[in-house]
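Enquirer: start.txt is the file, holding compact mmCIF, C-alpha atoms:
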# COMPACT_ATOMS: atom_id res chain seq x y z
CA MET D 1057 48.58 163.04 90.04
CA LYS D 1058 49.63 160.70 92.68
CA LYS D 1059 53.31 159.97 92.77
CA LEU D 1060 54.20 156.37 92.14
CA SER D 1061 55.22 154.84 95.43
CA ALA D 1062 58.77 153.42 95.54
CA ARG D 1063 58.95 149.69 95.28
CA ARG D 1064 59.48 148.09 98.63
CA ARG D 1065 62.21 145.44 98.91
CA HIS D 1066 61.25 142.00 100.04
CA PRO D 1067 62.42 141.37 103.61
CA LEU D 1068 64.43 138.31 102.47
CA ALA D 1069 66.31 140.25 99.79
CA ALA D 1070 69.11 141.26 102.16
CA ILE D 1071 69.63 137.65 103.19
CA VAL D 1072 69.80 136.52 99.55
CA VAL D 1073 72.38 139.20 98.77
CA LEU D 1074 74.45 138.11 101.78
CA LEU D 1075 74.35 134.48 100.72
CA PHE D 1076 75.48 135.39 97.20
CA ALA D 1077 78.36 137.42 98.67
CA LEU D 1078 79.47 134.53 100.87
CA ALA D 1079 79.27 132.11 97.93
CA ALA D 1080 81.36 134.45 95.82
CA THR D 1081 83.95 134.78 98.59
CA GLY D 1082 84.09 131.00 99.00
CA GLY D 1083 84.47 130.58 95.28
CA LEU D 1084 87.36 133.00 95.19
CA TYR D 1085 89.03 131.15 98.08
CA ALA D 1086 88.53 127.81 96.38
CA ALA D 1087 90.00 129.23 93.18
CA PHE D 1088 93.06 130.92 94.64
CA ALA D 1089 93.85 129.57 98.15
CA PRO D 1090 94.61 125.93 97.24
CA ALA D 1091 96.83 127.05 94.40
CA GLY D 1092 98.68 129.33 96.78
CA GLU D 1093 99.06 126.59 99.37
CA ALA D 1094 100.28 124.10 96.76
CA LYS D 1095 102.77 126.66 95.48
CA ALA D 1096 104.07 127.29 99.01
CA GLU D 1097 104.35 123.55 99.68
CA LYS D 1098 106.22 123.02 96.43
CA SER D 1099 108.55 125.88 97.30
CA ASN D 1100 109.28 124.39 100.74
CA GLN D 1101 109.92 120.98 99.18
CA SER D 1102 112.32 122.51 96.65
CA LEU D 1103 114.16 124.23 99.49
CA ASP D 1104 114.40 120.95 101.42
CA ILE D 1105 115.80 119.20 98.35
CA LYS D 1106 118.34 121.98 97.84
CA GLU D 1107 119.50 121.90 101.47
CA GLY D 1108 119.42 118.10 101.53
CA LYS D 1109 121.70 117.98 98.50
CA LYS D 1110 124.26 120.07 100.39
CA LEU D 1111 124.10 117.75 103.40
CA TYR D 1112 124.37 114.73 101.13
CA ALA D 1113 127.47 116.12 99.42
CA VAL D 1114 129.23 116.44 102.77
CA GLY D 1115 128.16 113.27 104.56
CA CYS D 1116 126.96 110.69 102.03
CA ASN D 1117 128.38 110.92 98.52
CA SER D 1118 131.77 109.42 99.41
CA CYS D 1119 130.04 106.05 99.84
CA HIS D 1120 126.78 106.37 97.88
CA GLY D 1121 128.08 108.35 94.90
CA THR D 1122 127.56 111.92 93.77
CA GLY D 1123 124.07 111.29 92.40
CA GLY D 1124 123.17 108.43 94.73
CA GLN D 1125 124.07 105.84 92.11
CA GLY D 1126 126.14 103.83 94.61
CA THR D 1127 129.79 102.79 94.78
CA SER D 1128 131.77 99.79 95.93
CA ASP D 1129 131.46 101.18 99.47
CA GLY D 1130 127.71 101.82 99.50
CA PRO D 1131 124.53 100.77 97.67
CA SER D 1132 122.54 102.92 95.27
CA LEU D 1133 119.95 105.20 96.84
CA VAL D 1134 117.93 105.74 93.68
CA GLY D 1135 114.37 104.63 94.42
CA VAL D 1136 114.84 103.79 98.13
CA GLY D 1137 112.48 106.62 99.07
CA ALA D 1138 112.27 109.08 101.95
CA ALA D 1139 111.18 106.43 104.48
CA ALA D 1140 114.45 104.52 104.12
CA VAL D 1141 116.46 107.69 104.77
CA ASP D 1142 114.28 108.66 107.72
CA PHE D 1143 114.87 105.22 109.26
CA GLN D 1144 118.60 104.92 108.62
CA VAL D 1145 119.47 108.50 109.57
CA GLY D 1146 116.85 108.80 112.31
CA THR D 1147 118.21 105.74 114.15
CA GLY D 1148 121.83 106.84 113.74
CA ARG D 1149 122.75 103.92 111.51
CA MET D 1150 123.79 106.36 108.82
CA PRO D 1151 126.30 107.74 108.32
CA MET D 1152 128.37 104.73 109.40
CA GLN D 1153 131.42 105.32 111.55
CA ALA D 1154 133.34 102.62 109.68
CA PRO D 1155 132.57 100.03 106.97
CA GLY D 1156 131.17 96.80 108.38
CA VAL D 1157 128.82 93.90 107.75
CA GLN D 1158 126.01 95.79 109.46
CA ALA D 1159 125.25 99.34 110.52
CA PRO D 1160 124.38 99.41 114.24
CA ALA D 1161 121.96 101.87 115.80
CA LYS D 1162 123.72 104.76 117.58
CA PRO D 1163 123.07 108.39 118.55
CA LYS D 1164 121.94 110.23 115.44
CA VAL D 1165 124.19 112.77 113.72
CA TYR D 1166 121.51 114.88 112.01
CA ASN D 1167 118.59 116.64 113.69
CA ASP D 1168 114.98 116.21 112.57
CA GLU D 1169 115.07 119.10 110.10
CA GLU D 1170 118.30 117.88 108.48
CA THR D 1171 116.93 114.34 108.33
CA ARG D 1172 113.82 115.63 106.53
CA GLN D 1173 116.00 117.53 104.06
CA LEU D 1174 118.19 114.51 103.34
CA ALA D 1175 115.07 112.39 102.86
CA ALA D 1176 113.62 114.95 100.45
CA TYR D 1177 116.78 114.97 98.34
CA VAL D 1178 117.06 111.18 98.15
CA ALA D 1179 113.34 110.94 97.33
CA SER D 1180 113.95 113.30 94.40
CA LEU D 1181 116.38 110.76 92.90
CA GLY D 1182 113.64 108.19 92.32
CA ALA D 1183 110.20 107.21 93.57
CA GLY D 1184 110.09 105.15 96.76
CA PRO D 1185 108.18 104.73 100.05
CA ALA D 1186 107.32 108.06 101.69
CA VAL D 1187 107.75 108.84 105.38
CA PRO D 1188 104.58 107.46 107.05
CA GLY D 1189 102.13 109.70 108.86
CA LYS D 1190 101.19 109.11 112.49
CA GLU D 1191 97.84 107.64 111.48
CA GLN D 1192 99.67 104.83 109.68
CA TYR D 1193 101.68 103.55 112.65
CA SER D 1194 99.59 104.67 115.62
CA THR D 1195 98.24 101.80 117.72
CA GLU D 1196 95.48 103.80 119.37
CA GLY D 1197 92.11 102.09 119.25
CA LEU D 1198 93.41 98.56 118.68
CA ASP D 1199 91.76 96.01 120.98
CA ASN D 1200 93.24 92.85 122.52
CA GLU D 1201 92.02 90.68 119.66
CA GLU D 1202 93.88 92.82 117.11
CA ILE D 1203 97.01 92.84 119.31
CA ALA D 1204 96.83 89.03 119.48
CA ALA D 1205 96.55 88.96 115.67
CA GLY D 1206 99.71 91.10 115.59
CA GLY D 1207 101.44 88.46 117.70
CA ASP D 1208 100.48 85.76 115.20
CA LEU D 1209 101.78 87.91 112.32
CA PHE D 1210 105.03 88.60 114.16
CA ARG D 1211 105.66 84.92 114.89
CA GLN D 1212 104.96 84.00 111.26
CA ASN D 1213 107.07 86.72 109.63
CA CYS D 1214 109.56 88.14 112.11
CA ALA D 1215 110.34 85.79 115.02
CA GLN D 1216 112.76 83.68 112.96
CA CYS D 1217 115.25 86.54 113.18
CA HIS D 1218 114.03 88.93 115.89
CA ASN D 1219 112.97 86.29 118.44
CA PHE D 1220 109.45 85.71 119.74
CA THR D 1221 109.46 88.87 121.87
CA GLY D 1222 111.58 91.02 119.55
CA GLU D 1223 114.78 90.73 121.59
CA GLY D 1224 116.89 90.14 118.49
CA GLY D 1225 119.18 87.30 117.48
CA ALA D 1226 122.34 86.32 115.65
CA LEU D 1227 122.46 85.78 111.87
CA THR D 1228 125.27 84.58 109.61
CA LYS D 1229 128.68 86.16 108.93
CA GLY D 1230 128.60 88.56 111.87
CA LYS D 1231 125.16 89.96 111.05
CA TYR D 1232 122.31 90.13 113.53
CA ALA D 1233 118.66 91.05 113.89
CA PRO D 1234 118.48 93.99 116.33
CA ALA D 1235 116.31 94.10 119.42
CA LEU D 1236 113.01 95.93 118.91
CA ASP D 1237 112.40 96.96 122.50
CA GLY D 1238 112.44 100.75 122.73
CA VAL D 1239 112.32 101.34 118.97
CA SER D 1240 109.74 103.97 118.01
CA PRO D 1241 106.58 102.79 116.20
CA LYS D 1242 107.47 105.08 113.28
CA HIS D 1243 110.86 103.43 112.76
CA ILE D 1244 109.40 99.92 113.11
CA TYR D 1245 106.84 100.78 110.43
CA GLU D 1246 109.56 102.21 108.16
CA ALA D 1247 111.69 99.09 108.65
CA MET D 1248 108.81 96.86 107.58
CA GLU D 1249 108.08 99.14 104.62
CA THR D 1250 111.66 99.44 103.33
CA GLY D 1251 113.49 96.29 104.50
CA PRO D 1252 116.79 97.71 105.81
CA GLN D 1253 120.01 95.69 105.55
CA ASN D 1254 119.22 91.95 105.98
CA MET D 1255 115.50 92.41 106.50
CA PRO D 1256 112.98 91.67 103.72
CA ALA D 1257 110.58 94.47 102.80
CA PHE D 1258 106.87 94.23 103.59
CA PRO D 1259 105.13 96.83 101.40
CA ASP D 1260 101.36 97.25 101.57
CA THR D 1261 100.93 94.77 98.73
CA VAL D 1262 102.52 92.09 100.93
CA MET D 1263 101.47 93.25 104.39
CA PRO D 1264 98.63 95.82 104.61
CA GLU D 1265 98.94 98.89 106.79
CA LYS D 1266 96.54 97.48 109.38
CA GLU D 1267 98.67 94.36 109.89
CA LYS D 1268 101.79 96.49 110.39
CA ARG D 1269 99.96 98.45 113.08
CA GLN D 1270 98.91 95.20 114.76
CA ILE D 1271 102.52 93.98 114.86
CA ILE D 1272 103.65 97.28 116.38
CA ALA D 1273 100.88 97.01 118.99
CA TYR D 1274 102.01 93.46 119.85
CA LEU D 1275 105.61 94.57 120.36
CA GLU D 1276 104.49 97.45 122.56
CA LYS D 1277 102.37 95.08 124.63
CA VAL D 1278 104.83 92.21 125.02
CA ASN D 1279 107.68 94.51 126.01
CA SER D 1280 105.68 96.66 128.40
CA SER D 1281 105.55 96.43 132.18
CA GLU D 1282 102.00 95.06 131.84
CA SER D 1283 103.26 91.92 130.11
CA GLU D 1284 103.03 88.82 132.32
CA SER D 1285 106.30 87.04 133.11
CA PRO D 1286 106.57 83.65 134.85
CA GLY D 1287 109.91 84.71 136.34
CA GLY D 1288 113.40 83.32 135.86
CA PHE D 1289 116.04 84.45 133.43
CA GLY D 1290 114.85 85.70 130.06
CA LEU D 1291 117.71 84.13 128.08
CA GLY D 1292 116.72 86.02 124.96
CA GLY D 1293 113.02 85.41 125.39
CA PHE D 1294 113.15 81.82 124.16
CA GLY D 1295 110.98 80.64 127.03
CA PRO D 1296 111.06 77.82 129.61
CA VAL D 1297 112.69 75.28 127.28
CA SER D 1298 115.90 77.28 127.03
CA GLU D 1299 115.82 78.05 130.75
CA GLY D 1300 115.43 74.36 131.54
CA MET D 1301 118.26 73.47 129.16
CA PHE D 1302 120.49 76.09 130.78
CA ALA D 1303 119.73 74.80 134.28
CA TRP D 1304 120.24 71.17 133.22
CA THR D 1305 123.59 72.01 131.62
CA ILE D 1306 124.81 73.70 134.82
CA VAL D 1307 123.57 70.85 137.02
CA LEU D 1308 125.08 68.24 134.69
CA ALA D 1309 128.44 70.04 134.70
CA ILE D 1310 128.40 70.11 138.52
CA LEU D 1311 127.54 66.38 138.72
CA ILE D 1312 130.35 65.49 136.29
CA GLY D 1313 132.78 67.61 138.30
CA ILE D 1314 131.78 65.88 141.55
CA THR D 1315 132.08 62.45 139.91
CA VAL D 1316 135.57 63.20 138.61
CA TRP D 1317 136.64 64.53 142.01
CA ILE D 1318 135.35 61.40 143.80
CA ALA D 1319 137.03 59.07 141.30
CA ALA D 1320 140.36 60.92 141.58
CA ARG D 1321 140.19 60.78 145.39
CA ASN D 1322 139.45 57.04 145.43
CA ALA D 1323 142.32 56.35 143.05
CA LYS D 1324 144.69 58.32 145.25
CA ALA D 1325 143.48 56.43 148.35
CA ARG D 1326 144.17 53.05 146.67
CA LYS D 1327 147.72 54.05 145.77
CA SER D 1328 148.45 55.08 149.32
Rewrite the coordinates I just gave you, this time as structure tokens.
Expert:
Amino acid sequence: MKKLSARRRHPLAAIVVLLFALAATGGLYAAFAPAGEAKAEKSNQSLDIKEGKKLYAVGCNSCHGTGGQGTSDGPSLVGVGAAAVDFQVGTGRMPMQAPGVQAPAKPKVYNDEETRQLAAYVASLGAGPAVPGKEQYSTEGLDNEEIAAGGDLFRQNCAQCHNFTGEGGALTKGKYAPALDGVSPKHIYEAMETGPQNMPAFPDTVMPEKEKRQIIAYLEKVNSSESESPGGFGLGGFGPVSEGMFAWTIVLAILIGITVWIAARNAKARKS
């Protein structure tokens, strides 16, 4: 009897087996890797909150209260969000050196890691705006038309306090709108999002993310070395009207002084 010949495998069988193995491996990764990553992220966030609470207890609770509920010396931090902390601490405004009508920008006390930890702890007290990602405040790819639109938005919403070129200006009762030249795009975005101190907030429901980016692009453009200047003194960026008024005031004062001097000399000559 002839022996039955062994069945020959199809030449594509090995490829099919390999594809099934890869699919199984991918399925296992999809099932376990994201869960592991989420667990690690949650663990890191918990650690940041824990460390941030320690920093808060040392540098913040004397004014803002043990649980961030606020005191007579500082407002409540419940619900202000991580972005507000990142702005205030990242620009050195907090902690304040002494109570005052406004917290000025100064060299920051906490490093980036400590700032992140403080922000994580305050964010755990109540939901609020998160620290923006670079894609939210980056001005890369914006053309001149969009930058011009940012200028229109800035003049409509910001120039009343910050001046037409963002050089700042005085407000009431010793308060002021700070200059925006040299402020990082991230902190400008956070200021618009959270409304620090005397500034109104512009959340995405009021001013979309794209419009915030356009305003930041306008400020970068108008305060850069590429910005055209007709010359003369800036005088706060108010333009030629203020420069003309300043010059006229000086000239008028000189003319009045000369007139008084001539009149006094003539009167003295008559008496003699």
Enquirer: Nearest to Val1134 of chain D: which of D:Pro1264, D:Gly1148, D:Pro1185, D:Gly1222 is it, counting only C-alpha atoms?
Expert: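 Closest residue, counting only C-alpha atoms: D:Pro1185.
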Enquirer: For a quick check of your reading of the model, name the residues lying within 12 Å of the coordinate (120.4, 111.9, 103.6), counting only C-alpha atoms, and write them as a ChimeraX atom specification.
Expert: /D:1104-1117,1119-1120,1123-1124,1133-1134,1136-1146,1148-1151,1165-1181
Enquirer: Between segment 1235-1290 of chain D and segment 1155-1159 of chain D, at 12 Å or less, what are the per-residue closest atom pairs and their distances in Å? Count only C-alpha atoms, order by chain and rising residue number, and return it as a tab-separated table.
Expert:
residue	atom	partner	partner_atom	distance
D:Pro1252	CA	D:Ala1159	CA	9.8
D:Gln1253	CA	D:Gln1158	CA	7.2
D:Asn1254	CA	D:Gln1158	CA	8.5
D:Met1255	CA	D:Gln1158	CA	11.4
Enquirer: Have a look at atom CA of Cys1217 of chain D and atom CA of Ala1233 of chain D and let me know their distance in Å, one decimal.
Expert: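 Distance reported for this atom pair: 5.7 Å.
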Enquirer: Quick one, how far is atom CA of Val1187 of chain D from atom CA of Arg1269 of chain D?
Expert: 15.1 Å
Enquirer: So what do you get for atom CA of His1218 of chain D versus atom CA of Leu1236 of chain D, distance-wise?
Expert: 7.7 Å
Enquirer: Could you add N, CA and C atoms to segment 1187-1205 of chain D and give me the result as a short mmCIF file (atom, residue, chain, number, x, y, z; two decimals), in the coordinates of the input?
Expert:
data_model
loop_
_atom_site.label_atom_id
_atom_site.label_comp_id
_atom_site.auth_asym_id
_atom_site.auth_seq_id
_atom_site.Cartn_x
_atom_site.Cartn_y
_atom_site.Cartn_z
N VAL D 1187 107.76 108.89 103.92
CA VAL D 1187 107.75 108.84 105.38
C VAL D 1187 106.30 108.69 105.84
N PRO D 1188 105.98 107.69 106.67
CA PRO D 1188 104.58 107.46 107.05
C PRO D 1188 104.07 108.54 108.00
N GLY D 1189 102.77 108.80 107.93
CA GLY D 1189 102.13 109.70 108.86
C GLY D 1189 101.77 108.97 110.14
N LYS D 1190 101.48 109.72 111.20
CA LYS D 1190 101.19 109.11 112.49
C LYS D 1190 100.00 108.17 112.43
N GLU D 1191 99.03 108.49 111.57
CA GLU D 1191 97.84 107.64 111.48
C GLU D 1191 98.16 106.26 110.93
N GLN D 1192 99.30 106.12 110.27
CA GLN D 1192 99.67 104.83 109.68
C GLN D 1192 100.30 103.89 110.69
N TYR D 1193 101.00 104.43 111.69
CA TYR D 1193 101.68 103.55 112.65
C TYR D 1193 101.14 103.67 114.07
N SER D 1194 100.17 104.53 114.28
CA SER D 1194 99.59 104.67 115.62
C SER D 1194 98.80 103.42 116.00
N THR D 1195 98.94 103.01 117.25
CA THR D 1195 98.24 101.80 117.72
C THR D 1195 97.02 102.14 118.57
N GLU D 1196 96.65 103.40 118.59
CA GLU D 1196 95.48 103.80 119.37
C GLU D 1196 94.21 103.16 118.79
N GLY D 1197 93.38 102.66 119.67
CA GLY D 1197 92.11 102.09 119.25
C GLY D 1197 92.15 100.61 118.94
N LEU D 1198 93.33 99.99 118.95
CA LEU D 1198 93.41 98.56 118.68
C LEU D 1198 93.06 97.78 119.94
N ASP D 1199 92.18 96.79 119.81
CA ASP D 1199 91.76 96.01 120.98
C ASP D 1199 92.67 94.79 121.15
N ASN D 1200 92.40 94.01 122.19
CA ASN D 1200 93.24 92.85 122.52
C ASN D 1200 93.23 91.80 121.42
N GLU D 1201 92.10 91.66 120.74
CA GLU D 1201 92.02 90.68 119.66
C GLU D 1201 92.95 91.07 118.51
N GLU D 1202 93.00 92.36 118.18
CA GLU D 1202 93.88 92.82 117.11
C GLU D 1202 95.35 92.73 117.53
N ILE D 1203 95.63 92.98 118.81
CA ILE D 1203 97.01 92.84 119.31
C ILE D 1203 97.45 91.38 119.23
N ALA D 1204 96.53 90.46 119.58
CA ALA D 1204 96.83 89.03 119.48
C ALA D 1204 97.08 88.63 118.03
N ALA D 1205 96.33 89.22 117.10
CA ALA D 1205 96.55 88.96 115.67
C ALA D 1205 97.94 89.46 115.27
#
